[in-house]
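**Q** Take a look at input.txt, compact mmCIF, C-alpha atoms:
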# COMPACT_ATOMS: atom_id res chain seq x y z
CA MET A 1 103.48 140.93 38.93
CA ALA A 2 100.81 139.14 36.95
CA ALA A 3 101.77 135.88 38.66
CA VAL A 4 101.39 137.50 42.08
CA ASP A 5 98.03 139.02 41.14
CA SER A 6 96.88 135.66 39.83
CA PHE A 7 97.92 133.90 43.04
CA TYR A 8 96.09 136.50 45.13
CA LEU A 9 92.93 136.09 43.07
CA LEU A 10 93.19 132.30 43.33
CA TYR A 11 93.66 132.51 47.10
CA ARG A 12 90.65 134.84 47.44
CA GLU A 13 88.44 132.51 45.41
CA ILE A 14 89.55 129.45 47.44
CA ALA A 15 88.93 131.31 50.69
CA ARG A 16 85.49 132.36 49.50
CA SER A 17 84.63 128.78 48.48
CA CYS A 18 85.86 127.32 51.79
CA ASN A 19 84.34 129.99 54.00
CA CYS A 20 81.40 127.81 55.05
CA TYR A 21 83.76 124.96 56.00
CA ILE A 22 85.96 127.31 58.02
CA GLU A 23 82.90 128.54 59.92
CA ALA A 24 81.82 124.96 60.55
CA LEU A 25 85.28 124.07 61.87
CA ALA A 26 85.24 127.17 64.08
CA LEU A 27 81.90 126.09 65.55
CA VAL A 28 83.24 122.59 66.21
CA GLY A 29 86.33 124.06 67.88
CA ALA A 30 84.24 126.41 70.02
CA TRP A 31 81.94 123.54 71.04
CA TYR A 32 84.90 121.32 71.98
CA THR A 33 86.61 124.11 73.96
CA ALA A 34 83.39 124.96 75.79
CA ARG A 35 82.75 121.29 76.59
CA LYS A 36 86.24 120.76 77.97
CA SER A 37 86.06 124.00 79.98
CA ILE A 38 82.72 123.01 81.51
CA THR A 39 84.13 119.55 82.35
CA VAL A 40 87.16 121.06 84.12
CA VAL A 41 84.95 123.49 86.06
CA CYS A 42 82.61 120.66 87.09
CA ASP A 43 85.57 118.52 88.17
CA PHE A 44 86.94 121.29 90.41
CA TYR A 45 83.46 121.94 91.80
CA SER A 46 83.20 118.22 92.62
CA LEU A 47 86.60 118.41 94.32
CA ILE A 48 85.45 121.29 96.55
CA ARG A 49 82.06 119.68 97.25
CA LEU A 50 83.67 116.37 98.17
CA HIS A 51 86.75 117.39 100.15
CA PHE A 52 85.98 120.77 101.71
CA ILE A 53 82.22 121.27 102.15
CA PRO A 54 81.75 118.07 104.28
CA ARG A 55 84.31 119.46 106.74
CA LEU A 56 82.03 122.46 107.36
CA VAL A 57 79.00 120.39 108.36
CA SER A 58 78.40 117.82 111.09
CA ARG A 59 79.78 114.33 110.53
CA ALA A 60 77.43 111.66 109.18
CA ASP A 61 76.15 109.03 111.60
CA LEU A 62 77.76 105.96 110.04
CA ILE A 63 76.18 103.56 112.52
CA LYS A 64 72.67 104.70 111.64
CA GLN A 65 73.51 104.86 107.95
CA TYR A 66 75.20 101.48 107.57
CA GLY A 67 75.45 99.38 110.75
CA ARG A 68 77.32 98.89 114.00
CA TRP A 69 80.29 96.78 112.87
CA ALA A 70 83.04 97.47 110.35
CA VAL A 71 85.43 94.87 108.94
CA VAL A 72 88.88 96.05 107.84
CA SER A 73 91.36 93.74 106.10
CA GLY A 74 95.08 94.49 106.23
CA ALA A 75 94.35 96.43 109.41
CA THR A 76 97.62 96.35 111.35
CA ASP A 77 99.61 98.95 109.39
CA GLY A 78 99.34 102.01 107.19
CA VAL A 79 96.05 103.04 105.63
CA GLY A 80 94.20 99.96 106.93
CA ARG A 81 94.97 100.70 110.57
CA ALA A 82 94.32 104.44 110.14
CA TYR A 83 90.98 103.74 108.44
CA ALA A 84 89.98 101.36 111.27
CA GLU A 85 90.87 104.01 113.86
CA GLU A 86 88.90 106.67 112.00
CA LEU A 87 85.81 104.44 111.88
CA ALA A 88 86.26 103.63 115.58
CA SER A 89 86.43 107.37 116.35
CA ARG A 90 82.92 107.56 114.89
CA GLY A 91 81.67 104.86 117.25
CA LEU A 92 81.80 101.75 115.07
CA ASN A 93 82.96 98.43 116.46
CA ILE A 94 85.84 97.01 114.45
CA VAL A 95 86.79 93.53 113.22
CA LEU A 96 90.45 93.54 112.25
CA ILE A 97 91.80 90.97 109.79
CA SER A 98 95.49 90.35 109.15
CA ARG A 99 98.01 87.53 109.30
CA SER A 100 99.94 88.54 112.44
CA GLN A 101 98.12 87.64 115.64
CA GLU A 102 100.52 89.64 117.80
CA LYS A 103 100.03 92.83 115.76
CA LEU A 104 96.26 92.28 115.60
CA GLN A 105 95.98 91.97 119.36
CA MET A 106 98.07 95.09 119.90
CA VAL A 107 96.09 97.21 117.40
CA ALA A 108 92.74 95.88 118.67
CA LYS A 109 93.67 96.79 122.25
CA ASP A 110 94.85 100.27 121.23
CA ILE A 111 91.61 100.96 119.36
CA ALA A 112 89.40 99.60 122.13
CA ASP A 113 91.22 101.59 124.83
CA THR A 114 91.38 104.82 122.82
CA TYR A 115 87.90 104.94 121.32
CA LYS A 116 85.90 102.83 123.80
CA VAL A 117 84.47 100.51 121.16
CA GLU A 118 84.35 96.73 120.81
CA THR A 119 87.03 95.08 118.72
CA ASP A 120 87.56 91.57 117.43
CA ILE A 121 90.34 89.98 115.42
CA ILE A 122 90.56 87.32 112.72
CA VAL A 123 93.97 85.88 111.94
CA ALA A 124 94.09 85.09 108.23
CA ASP A 125 96.84 84.97 105.63
CA PHE A 126 95.10 85.94 102.38
CA SER A 127 97.97 84.53 100.33
CA SER A 128 97.14 81.01 101.56
CA GLY A 129 94.27 80.37 99.17
CA ARG A 130 90.57 79.53 99.44
CA GLU A 131 90.68 77.55 102.67
CA ILE A 132 90.79 80.65 104.90
CA TYR A 133 87.44 82.02 103.75
CA ASP A 134 85.29 79.36 105.45
CA MET A 135 86.86 80.40 108.75
CA ILE A 136 86.27 84.10 108.02
CA ARG A 137 82.65 83.44 107.02
CA GLU A 138 82.04 81.54 110.24
CA ALA A 139 83.61 84.29 112.37
CA LEU A 140 81.46 86.98 110.76
CA GLN A 141 78.15 85.17 110.42
CA ASP A 142 76.51 86.64 113.55
CA ARG A 143 77.82 90.18 113.04
CA ASP A 144 75.77 93.11 111.82
CA ILE A 145 78.42 94.14 109.29
CA GLY A 146 77.72 97.66 108.12
CA ILE A 147 81.03 98.54 106.43
CA LEU A 148 83.61 96.36 104.71
CA VAL A 149 87.00 97.91 103.92
CA ASN A 150 89.05 95.88 101.46
CA ASN A 151 92.52 97.21 102.16
CA VAL A 152 94.76 94.14 102.22
CA GLY A 153 97.17 94.09 99.31
CA VAL A 154 100.61 93.09 98.07
CA PHE A 155 103.00 95.64 96.58
CA TYR A 156 106.27 95.08 94.75
CA PRO A 157 109.32 95.29 97.04
CA TYR A 158 110.08 98.33 94.86
CA PRO A 159 109.24 99.23 91.24
CA GLN A 160 110.63 96.50 88.98
CA TYR A 161 110.48 95.26 85.43
CA PHE A 162 108.09 92.33 85.11
CA THR A 163 110.74 89.63 84.60
CA GLN A 164 112.50 90.76 87.78
CA VAL A 165 109.41 90.14 89.93
CA SER A 166 109.46 86.77 91.68
CA GLU A 167 106.78 84.18 90.93
CA ASP A 168 105.79 84.20 94.62
CA THR A 169 105.10 87.93 94.48
CA LEU A 170 103.04 87.56 91.30
CA TRP A 171 101.02 84.76 92.84
CA ASP A 172 100.42 86.81 95.98
CA ILE A 173 99.26 89.79 93.91
CA VAL A 174 96.57 87.60 92.34
CA ASN A 175 95.57 85.87 95.59
CA VAL A 176 95.62 88.96 97.79
CA ASN A 177 94.91 91.99 95.62
CA ILE A 178 92.21 90.36 93.48
CA ALA A 179 90.82 87.23 95.14
CA ALA A 180 90.67 88.57 98.72
CA ALA A 181 88.48 91.58 97.89
CA SER A 182 86.19 89.50 95.68
CA LEU A 183 85.61 86.77 98.26
CA MET A 184 85.30 89.15 101.22
CA VAL A 185 82.52 90.96 99.34
CA HIS A 186 80.90 87.60 98.60
CA ILE A 187 80.90 86.83 102.33
CA VAL A 188 79.42 90.07 103.70
CA LEU A 189 77.21 91.30 100.85
CA PRO A 190 74.26 88.90 101.37
CA GLY A 191 73.74 90.21 104.93
CA MET A 192 73.88 93.80 103.72
CA VAL A 193 71.31 93.10 101.02
CA GLU A 194 69.06 91.43 103.58
CA ARG A 195 69.26 94.49 105.87
CA LYS A 196 69.00 96.84 102.85
CA LYS A 197 71.99 98.90 103.99
CA GLY A 198 75.75 98.69 104.02
CA ALA A 199 78.92 100.09 102.49
CA ILE A 200 81.81 98.40 100.72
CA VAL A 201 85.07 100.34 100.35
CA THR A 202 87.75 98.84 98.14
CA ILE A 203 91.14 100.55 98.11
CA SER A 204 92.59 100.58 94.62
CA SER A 205 95.52 102.79 93.55
CA GLY A 206 96.28 105.80 91.40
CA SER A 207 98.36 103.45 89.25
CA CYS A 208 95.10 102.01 87.89
CA CYS A 209 94.42 105.22 85.94
CA LYS A 210 96.65 104.26 83.04
CA PRO A 211 99.12 101.44 82.26
CA THR A 212 102.00 101.94 84.67
CA PRO A 213 105.42 100.55 83.68
CA GLN A 214 107.56 98.87 86.35
CA LEU A 215 104.34 98.18 88.30
CA ALA A 216 102.63 96.13 85.60
CA ALA A 217 101.01 93.35 87.66
CA PHE A 218 100.28 95.59 90.65
CA SER A 219 98.61 98.34 88.60
CA ALA A 220 96.61 95.74 86.64
CA SER A 221 95.33 94.17 89.87
CA LYS A 222 94.28 97.60 91.15
CA ALA A 223 92.48 98.30 87.86
CA TYR A 224 90.49 95.11 88.51
CA LEU A 225 89.48 96.40 91.95
CA ASP A 226 88.37 99.72 90.48
CA HIS A 227 86.22 98.11 87.78
CA PHE A 228 84.90 95.52 90.24
CA SER A 229 83.74 98.22 92.66
CA ARG A 230 82.11 100.32 89.97
CA ALA A 231 80.23 97.32 88.58
CA LEU A 232 79.02 96.35 92.08
CA GLN A 233 77.72 99.88 92.61
CA TYR A 234 75.57 99.55 89.50
CA GLU A 235 74.32 96.13 90.63
CA TYR A 236 73.49 96.93 94.26
CA ALA A 237 72.81 100.67 94.60
CA SER A 238 69.08 100.00 94.23
CA LYS A 239 69.30 97.54 97.14
CA GLY A 240 70.62 100.18 99.56
CA ILE A 241 74.31 99.26 99.27
CA PHE A 242 76.93 101.96 98.75
CA VAL A 243 80.08 100.73 96.98
CA GLN A 244 83.09 103.01 96.83
CA SER A 245 86.30 102.68 94.84
CA LEU A 246 89.11 104.55 96.61
CA ILE A 247 91.98 105.50 94.30
CA PRO A 248 94.79 106.95 96.44
CA PHE A 249 98.08 108.12 95.02
CA TYR A 250 101.15 107.95 97.27
CA VAL A 251 100.55 107.84 101.03
CA ALA A 252 103.48 107.99 103.48
CA THR A 253 103.30 104.35 104.57
CA ASN A 254 106.02 101.79 105.05
CA VAL A 255 105.71 101.01 101.31
CA ALA A 256 107.59 104.23 100.62
CA THR A 257 111.22 104.29 101.68
CA PRO A 258 111.64 106.22 104.96
CA GLY A 259 113.46 109.48 104.30
CA SER A 260 112.56 109.46 100.60
CA PHE A 261 111.28 112.57 98.88
CA LEU A 262 107.75 111.12 99.18
CA HIS A 263 107.91 111.70 102.94
CA LYS A 264 109.02 115.30 102.46
CA CYS A 265 105.82 116.51 100.75
CA PRO A 266 103.04 116.07 103.37
CA TRP A 267 100.51 118.09 101.38
CA LEU A 268 101.13 115.85 98.35
CA VAL A 269 101.83 112.59 100.20
CA PRO A 270 99.72 112.59 103.38
CA SER A 271 100.22 110.38 106.40
CA PRO A 272 97.86 107.39 106.71
CA LYS A 273 95.99 109.15 109.55
CA VAL A 274 95.40 112.31 107.52
CA TYR A 275 94.44 110.31 104.45
CA ALA A 276 91.97 108.11 106.34
CA HIS A 277 90.34 111.13 108.01
CA HIS A 278 89.64 112.68 104.61
CA ALA A 279 88.69 109.40 102.93
CA VAL A 280 86.07 108.43 105.52
CA SER A 281 84.41 111.83 105.08
CA THR A 282 83.73 110.92 101.43
CA LEU A 283 81.87 107.73 102.38
CA GLY A 284 78.30 107.88 101.12
CA ILE A 285 79.06 110.92 98.95
CA SER A 286 81.32 109.74 96.12
CA LYS A 287 81.30 106.31 94.50
CA ARG A 288 84.77 106.78 92.98
CA THR A 289 87.28 109.12 94.55
CA THR A 290 90.92 109.45 95.51
CA GLY A 291 89.87 110.21 99.07
CA TYR A 292 92.17 113.20 99.49
CA TRP A 293 92.07 116.67 97.93
CA SER A 294 95.62 116.83 96.52
CA HIS A 295 95.25 113.30 95.17
CA SER A 296 92.10 114.45 93.37
CA ILE A 297 94.11 117.18 91.67
CA GLN A 298 96.70 114.57 90.66
CA PHE A 299 93.88 112.36 89.36
CA LEU A 300 92.50 115.21 87.22
CA PHE A 301 95.91 115.75 85.65
CA ALA A 302 96.24 111.98 85.08
CA GLN A 303 92.84 111.88 83.37
CA TYR A 304 93.64 114.67 80.94
CA MET A 305 97.31 114.00 80.21
CA PRO A 306 98.19 111.82 77.19
CA GLU A 307 99.25 108.27 77.95
CA TRP A 308 102.82 108.80 76.73
CA LEU A 309 103.29 111.61 79.26
CA TRP A 310 101.94 109.42 82.10
CA VAL A 311 104.32 106.61 81.12
CA TRP A 312 107.27 109.01 80.90
CA GLY A 313 106.54 110.41 84.37
CA ALA A 314 105.93 106.95 85.86
CA ASN A 315 109.27 105.70 84.51
CA ILE A 316 111.14 108.63 86.06
CA LEU A 317 109.37 108.31 89.45
CA ASN A 318 109.70 104.53 89.63
CA ARG A 319 113.37 104.59 88.68
CA SER A 320 113.95 107.07 91.50
CA LEU A 321 112.02 104.92 94.00
CA ARG A 322 113.88 101.78 92.92
CA LYS A 323 117.23 103.54 93.28
CA GLU A 324 116.30 104.77 96.79
CA ALA A 325 115.12 101.30 97.85
CA LEU A 326 118.25 99.58 96.59
CA SER A 327 120.53 102.16 98.19
CA CYS A 328 118.78 101.61 101.55
CA LYS A 329 119.27 97.85 101.23
CA ALA A 330 122.92 98.33 100.44
Rewrite the structure from the file as structure tokens, please.

**A**
Amino acid sequence: MAAVDSFYLLYREIARSCNCYIEALALVGAWYTARKSITVVCDFYSLIRLHFIPRLVSRADLIKQYGRWAVVSGATDGVGRAYAEELASRGLNIVLISRSQEKLQMVAKDIADTYKVETDIIVADFSSGREIYDMIREALQDRDIGILVNNVGVFYPYPQYFTQVSEDTLWDIVNVNIAAASLMVHIVLPGMVERKKGAIVTISSGSCCKPTPQLAAFSASKAYLDHFSRALQYEYASKGIFVQSLIPFYVATNVATPGSFLHKCPWLVPSPKVYAHHAVSTLGISKRTTGYWSHSIQFLFAQYMPEWLWVWGANILNRSLRKEALSCKA
């Protein structure tokens, strides 16, 4: 009994001595909890302000705000084509850039006939190297380019471990995903600065949020685009240029296997047309956004989840996508 009484007295004395430290720790915990709660509330407010409030007001006049012509790279399929059509629906003339002349002519005619705007095409294979950019610069030199959309990119055939990716694919990822956006900005930005208005939209990827296994080179190239865009915004915002980094998660394009589970969740994986409609409405409002409301929720979870959990989820998803792709080939 004496031992118990002694332990109790010792415990009481220790608690009394440490009381001030416990209070200090409680204050720190309360401050941290309040800070995180305020951050989450602000993030959800930003999501509502960005993706829902603009739909309740009249659409911005992009021609007056930026200029009459928009240039879209990788414009014959998927998000690139949908983005070009959405800009055309708002009255902008469109310059389409891709490597297939036949597809370019078809898409340009469809856009011109549907939206009654002017269209032009530039045939360019961005994987060819530096020689194509002199031709692009010459074709664009007399245009009042108001918006540049850097969409062209190279994806893995399906998620793969790095040593399984061919050297040609790795080289294309560098030439197309990184070099093309950088040099296209270098071509059009001087004219925008001279006119003191313009917008540059560079389409990155949700895989840039954290290191993504089985998409190592692709996700790294998209991280470059994200950082590149954010740095440009700091450099040129004071000169009237709006630079936006778009960070979409999965969109139901031909990159995803037709019939896969990605195509069965339209609210989570929108069509290119739906995605582009939402993404264009964020132009001039957010410098860094996913472009779509459910992708913004995914982005919030990605920001707050620990890296090991992101990697675990990415491994499961990419294994599933690889299995689906290989089964379709078989």

**Q** List as a ChimeraX atom specification the protein and nucleic acid residues near Ala279 (chain A), meaning an atom at most 9 Å away when all atoms listed in the file are counted, but skip any in the same chain fewer than 3 places from it.

**A** /A:51,83,246,274-276,282-283,289-292

**Q** When you look at Lys103 (chain A) with a cut-off of 12 Å (counting only C-alpha atoms), what residues show up, excluding the ones that are within fewer than 2 positions of it in the same chain? I need them as an mmCIF file with C-alpha atoms, in the coordinates of the input.

**A**
data_model
loop_
_atom_site.group_PDB
_atom_site.id
_atom_site.type_symbol
_atom_site.label_atom_id
_atom_site.label_comp_id
_atom_site.auth_asym_id
_atom_site.auth_seq_id
_atom_site.Cartn_x
_atom_site.Cartn_y
_atom_site.Cartn_z
ATOM 1 C CA GLY A 74 95.080 94.490 106.230
ATOM 2 C CA ALA A 75 94.350 96.430 109.410
ATOM 3 C CA THR A 76 97.620 96.350 111.350
ATOM 4 C CA ASP A 77 99.610 98.950 109.390
ATOM 5 C CA ARG A 81 94.970 100.700 110.570
ATOM 6 C CA LEU A 96 90.450 93.540 112.250
ATOM 7 C CA ILE A 97 91.800 90.970 109.790
ATOM 8 C CA SER A 98 95.490 90.350 109.150
ATOM 9 C CA ARG A 99 98.010 87.530 109.300
ATOM 10 C CA SER A 100 99.940 88.540 112.440
ATOM 11 C CA GLN A 101 98.120 87.640 115.640
ATOM 12 C CA GLN A 105 95.980 91.970 119.360
ATOM 13 C CA MET A 106 98.070 95.090 119.900
ATOM 14 C CA VAL A 107 96.090 97.210 117.400
ATOM 15 C CA ALA A 108 92.740 95.880 118.670
ATOM 16 C CA LYS A 109 93.670 96.790 122.250
ATOM 17 C CA ASP A 110 94.850 100.270 121.230
ATOM 18 C CA ILE A 121 90.340 89.980 115.420
ATOM 19 C CA ILE A 122 90.560 87.320 112.720
ATOM 20 C CA VAL A 123 93.970 85.880 111.940
#

**Q** Take CA of Ala34 (chain A) and CA of Gln303 (chain A) and report the distance between them in Å, one decimal.

**A**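 Distance reported for this atom pair: 17.8 Å.
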
**Q** Closest to Tyr236 (chain A) among A:Lys273, A:Arg68, A:Lys196, A:Arg288, using only C-alpha atoms?

**A**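 Counting only C-alpha atoms, the residue closest to Tyr236 (chain A) is A:Lys196.
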
**Q** May I ask which of the residues A:Gln214, A:Ser296, A:Thr163, A:Ser281 is the closest one to Ser320 (chain A), counting all atoms listed in the file?

**A** A:Gln214

**Q** Could you tell me how far CA of Gly80 (chain A) sits from CA of Ile241 (chain A), in Å to one decimal place?

**A**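 Answer for the CA of Ile241 (chain A) to CA of Gly80 (chain A) separation: 21.3 Å.
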
**Q** What does the distance between CA of Ser182 (chain A) and CA of Gln141 (chain A) come to in Å, to one decimal place?

**A**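 It comes out at 17.3 Å.
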
**Q** As a list in words, please: the residues near Ala216 (chain A) (cut-off 12 Å, all atoms listed in the file, same-chain neighbours under 6 positions excluded).

**A**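 Non-adjacent residues within range: Phe155, Tyr156, Pro159, Gln160, Tyr161, Phe162, Thr163, Gln164, Val165, Leu170, Ile173, Ser207, Cys208, Lys210, Lys222, Ala223, Val311, Ala314, Asn315 and Asn318 of chain A.
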
**Q** Point out the residue among A:Leu309, A:Leu87, A:Ile187, A:Ala179 with the least atom-to-atom distance to Asp134 (chain A), counting all atoms listed in the file.

**A** A:Ile187

**Q** For Tyr66 (chain A), which residue among A:His186, A:Lys197, A:Arg137, A:Lys116 is the nearest when counting all atoms listed in the file?

**A** A:Lys197

**Q** Using all atoms listed in the file, which of the listed residues (A:Leu140, A:Ser271, A:Gly78, A:Ala124) sits closest to Pro190 (chain A)?

**A**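 Smallest separation from Pro190 (chain A) among the options: A:Leu140.
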
**Q** I'd like to know which of A:Leu183, A:Ala82, A:Ala26, A:Pro213 is closest to Ile316 (chain A), using all atoms listed in the file.

**A**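 Selected residue with least distance to Ile316 (chain A): A:Pro213.
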
**Q** Give me the residues within 10 Å of region 228-235 of chain A as a list in words, counting all atoms listed in the file and dropping any in the same chain fewer than 5 places off.

**A**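 The residues satisfying every condition are Ile178, Ala181, Ser182, Val185, Ala199, Ile200, Val201, Thr202, Ile203, Ser204, Lys222, Ala223, Gly240, Ile241, Phe242, Val243, Gln244, Ser245, Leu246, Lys287 and Arg288 of chain A.
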
**Q** Just want the 12 Å neighbourhood of Asp172 (chain A), counted on only C-alpha atoms, with same-chain residues fewer than 5 positions away dropped. Output as a list in words.

**A** Asp125, Phe126, Ser127, Ser128, Gly129, Val152, Gly153, Val154, Phe155, Tyr156, Val165, Ser166, Glu167, Asn177, Ile178, Ala179, Ala180, Ala217, Phe218 and Ser221 of chain A
